[in-house]
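These notes are about the structure you will find just below.
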Amino acid sequence: MAPGSTPSVVPGASTAPAPALVPGAAPGSSMGRQSGGFSPETARKDFPILQRLVNGHPLVWLDNAATTQKPRQVIEALAAYYSATNSNIHRGAHTLAREATEAYEAGRAAVAEFLGAASPENIVFVRGTTEAINLVAQSWGRANLGPGDDILVPVLEHHSDIVPWQLIAKETRARVVPVPLGPDGQIDRTAYADLLSSRTQLVAISHASNVLGTVPPVREMTALAHRYGAKVLVDGAQAVAHFPVDVQEMDADFYVFSGHKIFAPTGIGVLYGKPEVLESMPPWQGGGNMIDSVSFAHTTYAPVPQRLEAGTGHISGVVGLLAALNWLTSFDRGAVAAYEQGLMSYAQQALSMVPGLETVGAAPDRIAVLTFTLAGQDPATVADWLDRDGIAIRAGHHCAQPALAHYGLETAARASLALYNTSEEVDQLVASLRRLTDSAPS
């Protein structure tokens, strides 16, 4: 199966450089503890925050779709950068400037390798997924969209992959066209094919849904869009931490993700673009770093990626992202994906035993995101109850109101799993939910 079709069967680990110190394997004893040499205990040892108590209970972090926790390797890399290397980058003549520049560009090279990009020059650093999508909308979109053009956006998308297209569509008099979902949360492939036309200029699609967990067949959908000459942007924010990505095999024109969803710091993100597409994009923001020469008579711009990186970038964020990618790729990515899939199956079965609990979405290809409602309980009340037991989940509309509206919902609760979660934590979640249902007045 092609990358992007399913997280259940994935190729081997990325070849990004491994860290100098790789944690040793730890034996496991319960469901899914060992999967091709991977165990969650090995990963958990690297996360200081998982040792803390919340309301007198060990923290159970099940809010990974909102943000992942950070391993000590990332924390130490940030401390080392600020302790010994802090400097602005590019054009500096002193030692620290050279060292900071080397670290920054090493991060760019690592991201390119992680995504299977042809060159580091295909990688633009941004603040996160939201800024990456806005950059494409305001630069590529303003230059290429016009009256009567269509932008296809599936109903399952995060608001950050809807609102930027609405803004640029209003400005250019283009049209945002929603692609409907089926009852199980899959994109309606027949409707998608029918909506594509010579008017379609862009398809914006998530690689994995943050509220339904759905993993669409992006390679097949991209190939179909390309038959009509449309460009395709893939939002990988929820995908990159869970299974390997190959942007060239996927043939995506753009691919975006946020560092904080993949064990790196907040405030750093990535825009990948095909070289010919990036070359065609005018600057979105002006300032330092993105120019070649400036005069009041005429200004010329730097080549990509610098042309799209105005101002001082998040240098320490790139350092942290590099450390996070090195940490993640020290594990067998296929084994991690298999473990997460097994844990999700266990969680689905366990949650089915909670009276009145209904999960939202049932696509066969999905990541370990479990959105649910509990009869007679407001999702915010559920989250507050669980927090008393040290269990962190998310409640609300999850910045995906159209997806929830597809199921007649305004809000829901969501537990989202990562490679450091365990079956014991799932059991704690279920036990707490059962106590909540037992305490509710009949």
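Residues in the structure tokens are named by chain (A, B, ... in the order shown) and by number from 1 within that chain; ligands are numbered from 1 in the order shown.
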Handout entry: Contact residues around Lys170 (chain A) with only C-alpha atoms at 12 Å, ignoring same-chain residues under 4 positions, as number ranges by chain
Key = A: 137-138, 141-142, 145-151, 163-166, 174-176
Could you turn the residues from that selection into a file that holds N, CA and C atoms, as a PDB file, in the first residue's frame?
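Written file, out11.pdb:
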```pdb
ATOM      1  N   ALA A 137      -1.495  29.937   0.607  1.00  0.00           N
ATOM      2  CA  ALA A 137      -2.701  30.637   0.171  1.00  0.00           C
ATOM      3  C   ALA A 137      -2.386  32.061  -0.280  1.00  0.00           C
ATOM      4  N   GLN A 138      -1.574  32.776   0.496  1.00  0.00           N
ATOM      5  CA  GLN A 138      -1.321  34.180   0.209  1.00  0.00           C
ATOM      6  C   GLN A 138      -0.284  34.387  -0.891  1.00  0.00           C
ATOM      7  N   GLY A 141      -1.593  31.155  -3.886  1.00  0.00           N
ATOM      8  CA  GLY A 141      -3.011  31.370  -4.151  1.00  0.00           C
ATOM      9  C   GLY A 141      -3.287  32.711  -4.799  1.00  0.00           C
ATOM     10  N   ARG A 142      -2.685  33.771  -4.280  1.00  0.00           N
ATOM     11  CA  ARG A 142      -2.941  35.096  -4.845  1.00  0.00           C
ATOM     12  C   ARG A 142      -2.437  35.185  -6.283  1.00  0.00           C
ATOM     13  N   LEU A 145      -4.994  32.001  -8.338  1.00  0.00           N
ATOM     14  CA  LEU A 145      -6.440  31.842  -8.253  1.00  0.00           C
ATOM     15  C   LEU A 145      -7.155  33.056  -8.843  1.00  0.00           C
ATOM     16  N   GLY A 146      -8.319  32.795  -9.422  1.00  0.00           N
ATOM     17  CA  GLY A 146      -9.103  33.882  -9.989  1.00  0.00           C
ATOM     18  C   GLY A 146     -10.578  33.549  -9.999  1.00  0.00           C
ATOM     19  N   PRO A 147     -11.398  34.439 -10.522  1.00  0.00           N
ATOM     20  CA  PRO A 147     -12.847  34.210 -10.550  1.00  0.00           C
ATOM     21  C   PRO A 147     -13.203  32.899 -11.240  1.00  0.00           C
ATOM     22  N   GLY A 148     -14.076  32.121 -10.590  1.00  0.00           N
ATOM     23  CA  GLY A 148     -14.530  30.867 -11.158  1.00  0.00           C
ATOM     24  C   GLY A 148     -13.679  29.664 -10.837  1.00  0.00           C
ATOM     25  N   ASP A 149     -12.514  29.876 -10.198  1.00  0.00           N
ATOM     26  CA  ASP A 149     -11.654  28.749  -9.830  1.00  0.00           C
ATOM     27  C   ASP A 149     -12.193  28.044  -8.587  1.00  0.00           C
ATOM     28  N   ASP A 150     -11.939  26.746  -8.511  1.00  0.00           N
ATOM     29  CA  ASP A 150     -12.382  25.942  -7.372  1.00  0.00           C
ATOM     30  C   ASP A 150     -11.205  25.493  -6.520  1.00  0.00           C
ATOM     31  N   ILE A 151     -11.420  25.514  -5.196  1.00  0.00           N
ATOM     32  CA  ILE A 151     -10.506  24.934  -4.215  1.00  0.00           C
ATOM     33  C   ILE A 151     -11.294  23.840  -3.500  1.00  0.00           C
ATOM     34  N   VAL A 163     -10.121  27.892   6.664  1.00  0.00           N
ATOM     35  CA  VAL A 163     -10.241  29.349   6.733  1.00  0.00           C
ATOM     36  C   VAL A 163      -9.257  30.077   5.813  1.00  0.00           C
ATOM     37  N   PRO A 164      -7.978  29.679   5.727  1.00  0.00           N
ATOM     38  CA  PRO A 164      -7.078  30.387   4.799  1.00  0.00           C
ATOM     39  C   PRO A 164      -7.567  30.358   3.359  1.00  0.00           C
ATOM     40  N   TRP A 165      -8.216  29.253   2.961  1.00  0.00           N
ATOM     41  CA  TRP A 165      -8.734  29.150   1.589  1.00  0.00           C
ATOM     42  C   TRP A 165      -9.974  30.018   1.414  1.00  0.00           C
ATOM     43  N   GLN A 166     -10.775  30.132   2.477  1.00  0.00           N
ATOM     44  CA  GLN A 166     -11.919  31.038   2.403  1.00  0.00           C
ATOM     45  C   GLN A 166     -11.462  32.489   2.256  1.00  0.00           C
ATOM     46  N   ALA A 174     -12.497  33.276  -6.085  1.00  0.00           N
ATOM     47  CA  ALA A 174     -12.546  31.834  -6.313  1.00  0.00           C
ATOM     48  C   ALA A 174     -13.607  31.232  -5.390  1.00  0.00           C
ATOM     49  N   ARG A 175     -13.714  29.918  -5.384  1.00  0.00           N
ATOM     50  CA  ARG A 175     -14.771  29.258  -4.621  1.00  0.00           C
ATOM     51  C   ARG A 175     -14.195  28.073  -3.851  1.00  0.00           C
ATOM     52  N   VAL A 176     -14.504  27.990  -2.550  1.00  0.00           N
ATOM     53  CA  VAL A 176     -14.138  26.826  -1.749  1.00  0.00           C
ATOM     54  C   VAL A 176     -15.274  25.819  -1.832  1.00  0.00           C
TER      55      VAL A 176
END
```
Practice task
Give the strand (DSSP E or B) residues of region 164-389 of chain A, as DSSP finds them on the backbone, and put them as a PyMOL selection string.
Solution key: chain A and resi 175-179+181+187+200-206+214+231-235+254-258+269-273+291-294+299-301+357-359+366+369-374+377
Handout entry: Spatial neighbours of Pro303 (chain A), max dist 10 Å, only C-alpha atoms, sep filter under 6 positions, as a ChimeraX atom specification
Key = /A:121,278-279,290-292
Handout entry: Close residues, region 225-240 of chain A itself excluded, 9 Å, only C-alpha atoms, min 5 positions apart in chain, as a PyMOL selection string
Key = chain A and resi 4+7+65+115+128-129+133+136+157+161+193+196-210+213+215+218+220+245+251-259+261-262+273+367
Atoms kept (N, CA and C atoms) for selection, written as a short mmCIF file (atom, residue, chain, number, x, y, z; two decimals), in the first residue's frame:
```cif
data_model
loop_
_atom_site.label_atom_id
_atom_site.label_comp_id
_atom_site.auth_asym_id
_atom_site.auth_seq_id
_atom_site.Cartn_x
_atom_site.Cartn_y
_atom_site.Cartn_z
N GLY A 4 0.48 7.02 2.78
CA GLY A 4 -0.70 7.87 2.77
C GLY A 4 -1.97 7.08 2.61
N PRO A 7 -1.95 3.64 7.72
CA PRO A 7 -0.85 3.56 8.65
C PRO A 7 -0.62 2.16 9.16
N ALA A 65 -2.97 14.62 20.00
CA ALA A 65 -3.36 15.28 18.77
C ALA A 65 -3.29 16.80 18.91
N LEU A 115 11.13 13.56 5.11
CA LEU A 115 9.96 13.59 4.23
C LEU A 115 10.22 12.93 2.87
N GLY A 128 4.44 26.94 11.91
CA GLY A 128 3.66 25.73 12.11
C GLY A 128 2.80 25.47 10.90
N THR A 129 1.94 24.47 11.00
CA THR A 129 1.06 24.09 9.90
C THR A 129 0.19 25.26 9.45
N ILE A 133 0.14 26.87 5.62
CA ILE A 133 -1.02 26.91 4.73
C ILE A 133 -1.34 28.34 4.33
N VAL A 136 1.07 29.46 1.60
CA VAL A 136 0.70 28.95 0.28
C VAL A 136 -0.51 29.72 -0.25
N GLU A 157 -11.57 18.46 7.30
CA GLU A 157 -10.37 19.26 7.55
C GLU A 157 -10.42 20.07 8.84
N ASP A 161 -7.03 24.41 7.63
CA ASP A 161 -7.03 24.02 6.22
C ASP A 161 -8.36 24.36 5.55
N ALA A 193 -14.39 12.69 -7.06
CA ALA A 193 -14.12 12.58 -8.50
C ALA A 193 -15.09 13.44 -9.30
N LEU A 196 -14.13 17.30 -9.13
CA LEU A 196 -12.95 17.73 -9.87
C LEU A 196 -13.34 18.15 -11.28
N SER A 197 -12.73 19.23 -11.75
CA SER A 197 -13.01 19.71 -13.10
C SER A 197 -11.86 20.60 -13.55
N SER A 198 -11.99 21.15 -14.73
CA SER A 198 -10.98 22.07 -15.24
C SER A 198 -10.93 23.35 -14.41
N ARG A 199 -11.95 23.61 -13.60
CA ARG A 199 -11.97 24.78 -12.72
C ARG A 199 -11.13 24.56 -11.46
N THR A 200 -10.86 23.29 -11.12
CA THR A 200 -10.15 22.98 -9.88
C THR A 200 -8.69 23.40 -9.99
N GLN A 201 -8.29 24.31 -9.13
CA GLN A 201 -6.90 24.76 -9.11
C GLN A 201 -6.12 24.15 -7.96
N LEU A 202 -6.82 23.78 -6.88
CA LEU A 202 -6.13 23.25 -5.70
C LEU A 202 -7.04 22.29 -4.96
N VAL A 203 -6.44 21.21 -4.45
CA VAL A 203 -7.09 20.31 -3.50
C VAL A 203 -6.28 20.38 -2.21
N ALA A 204 -6.95 20.70 -1.09
CA ALA A 204 -6.30 20.77 0.22
C ALA A 204 -6.86 19.65 1.08
N ILE A 205 -5.99 18.75 1.53
CA ILE A 205 -6.46 17.54 2.20
C ILE A 205 -5.52 17.15 3.32
N SER A 206 -6.07 16.69 4.43
CA SER A 206 -5.24 16.24 5.55
C SER A 206 -4.78 14.80 5.31
N HIS A 207 -3.56 14.53 5.76
CA HIS A 207 -3.01 13.17 5.67
C HIS A 207 -3.62 12.28 6.75
N ALA A 208 -4.10 12.90 7.82
CA ALA A 208 -4.82 12.20 8.89
C ALA A 208 -5.66 13.22 9.63
N SER A 209 -6.90 12.88 9.91
CA SER A 209 -7.82 13.80 10.55
C SER A 209 -7.56 13.90 12.04
N ASN A 210 -7.59 15.12 12.57
CA ASN A 210 -7.35 15.32 14.00
C ASN A 210 -8.56 14.97 14.85
N GLY A 213 -9.54 10.73 12.90
CA GLY A 213 -8.42 9.80 12.72
C GLY A 213 -8.29 9.28 11.30
N VAL A 215 -7.40 8.37 7.65
CA VAL A 215 -6.23 8.52 6.79
C VAL A 215 -6.71 8.33 5.35
N VAL A 218 -4.24 9.53 0.01
CA VAL A 218 -3.81 10.80 -0.58
C VAL A 218 -3.07 10.62 -1.90
N GLU A 220 -3.60 8.41 -4.27
CA GLU A 220 -4.59 8.19 -5.33
C GLU A 220 -5.38 9.48 -5.59
N VAL A 245 6.50 9.10 5.87
CA VAL A 245 5.95 9.91 4.78
C VAL A 245 7.00 10.01 3.67
N ASP A 251 3.66 12.35 -4.42
CA ASP A 251 3.58 13.34 -5.50
C ASP A 251 2.84 14.60 -5.06
N ALA A 252 2.89 14.92 -3.77
CA ALA A 252 2.25 16.14 -3.28
C ALA A 252 2.99 17.36 -3.80
N ASP A 253 2.24 18.40 -4.12
CA ASP A 253 2.85 19.67 -4.51
C ASP A 253 3.31 20.44 -3.29
N PHE A 254 2.54 20.34 -2.20
CA PHE A 254 2.89 20.93 -0.92
C PHE A 254 2.62 19.91 0.17
N TYR A 255 3.46 19.93 1.22
CA TYR A 255 3.22 19.10 2.40
C TYR A 255 3.63 19.95 3.60
N VAL A 256 2.79 19.97 4.63
CA VAL A 256 3.02 20.85 5.78
C VAL A 256 2.85 20.08 7.08
N PHE A 257 3.63 20.48 8.10
CA PHE A 257 3.42 19.92 9.43
C PHE A 257 4.02 20.84 10.49
N SER A 258 3.64 20.59 11.75
CA SER A 258 4.09 21.37 12.91
C SER A 258 5.03 20.55 13.76
N GLY A 259 6.10 21.17 14.25
CA GLY A 259 7.04 20.47 15.09
C GLY A 259 6.44 19.96 16.38
N LYS A 261 3.73 18.69 17.08
CA LYS A 261 2.95 17.45 16.97
C LYS A 261 3.86 16.23 16.84
N ILE A 262 5.18 16.45 16.73
CA ILE A 262 6.11 15.36 16.50
C ILE A 262 7.28 15.45 17.48
N GLY A 273 7.65 22.03 -0.64
CA GLY A 273 7.05 22.31 -1.93
C GLY A 273 7.90 21.73 -3.04
N ILE A 367 -5.49 6.81 12.25
CA ILE A 367 -4.53 6.88 13.33
C ILE A 367 -5.27 6.75 14.65
#
```
Exercise for the section: Can you work out which one of A:Thr190, A:Thr371, A:Thr437, A:Thr222 has the shortest atom-to-atom distance to Pro355 (chain A), counting only C-alpha atoms? Expected result: A:Thr437
Practice task
Select from region 145-334 of chain A everything DSSP, run on the backbone, classes as helix (DSSP H, G or I), then give the selection as a PyMOL selection string.
Solution key: chain A and resi 159-161+163-172+189-195+218-227+247-250+259-262+275-279+306-308+315-328+333-334
Exercise for the section: Identify, on the basis of only C-alpha atoms, every residue whose closest approach to Ile393 (chain A) does not exceed 7 Å; exclude the query and any residue fewer than 4 positions from it along the same chain; express the result as a list of chain:residue names. Expected result: A:Leu62, A:Asp63, A:Ala383, A:Arg414, A:Ala415
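Close contacts of Gly320 (chain A), defined as residues with an atom at most 10 Å away when counting only C-alpha atoms, with chain neighbours fewer than 5 positions off set aside, comprise A:Lys70, A:Gln73, A:Val74, A:Ile75, A:Glu76, A:Ala77, A:Leu78, A:Ala79, A:Tyr81, A:Tyr104, A:Gly107, A:Gly259, A:His260, A:Phe263, A:Ala264, A:Pro265, A:Thr266, A:Ile268, A:His314, A:Ile315, A:Leu325, A:Asn326.
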Exercise for the section: Might you pull out every residue within 8 Å of Ala117 (chain A), with only C-alpha atoms counted and same-chain residues fewer than 2 positions away left off, and present them as a PyMOL selection string? Expected result: chain A and resi 112-115+119-120+122+246-248+272
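Here CA of Arg434 (chain A) stands at a distance of 19.0 Å from CA of Ser345 (chain A).
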Exercise for the section: Work out how far apart CA of Leu429 (chain A) and CA of Leu386 (chain A) are and give it in Å to one decimal. Expected result: 7.5 Å
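With only C-alpha atoms as the basis for measurement, A:His57 is the residue among A:Arg108, A:His90, A:Arg98, A:His57 that approaches Asp387 (chain A) most closely.
When only C-alpha atoms are used to compute distances to Gly408 (chain A), the closest of the residues A:Pro40, A:Pro183, A:Pro71, A:Pro48 turns out to be A:Pro183.
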Each residue of region 192-301 of chain A lying at most 7 Å from region 331-343 of chain A should get a row with its shortest atom-to-atom pair and the distance in Å to one decimal, counting only C-alpha atoms; could you produce that, ordered by chain and increasing number, as CSV?
```
residue,atom,partner,partner_atom,distance
A:His242,CA,A:Ala337,CA,5.9
A:Phe243,CA,A:Ala337,CA,5.8
A:Pro244,CA,A:Arg333,CA,6.7
```
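Nearest residue to Ala106 (chain A) among A:Val177, A:Ile123, A:Leu156, A:Leu436 is A:Ile123, counting only C-alpha atoms.
Nearest to Gln186 (chain A) of all the residues A:Leu409, A:Ala403, A:Gly56, A:Gly311 is A:Ala403, based on only C-alpha atoms.
Compared by their closest atoms to Tyr407 (chain A), and using only C-alpha atoms, the residues A:Thr101, A:Ser432, A:Thr381, A:Thr359 rank with A:Thr359 nearest.
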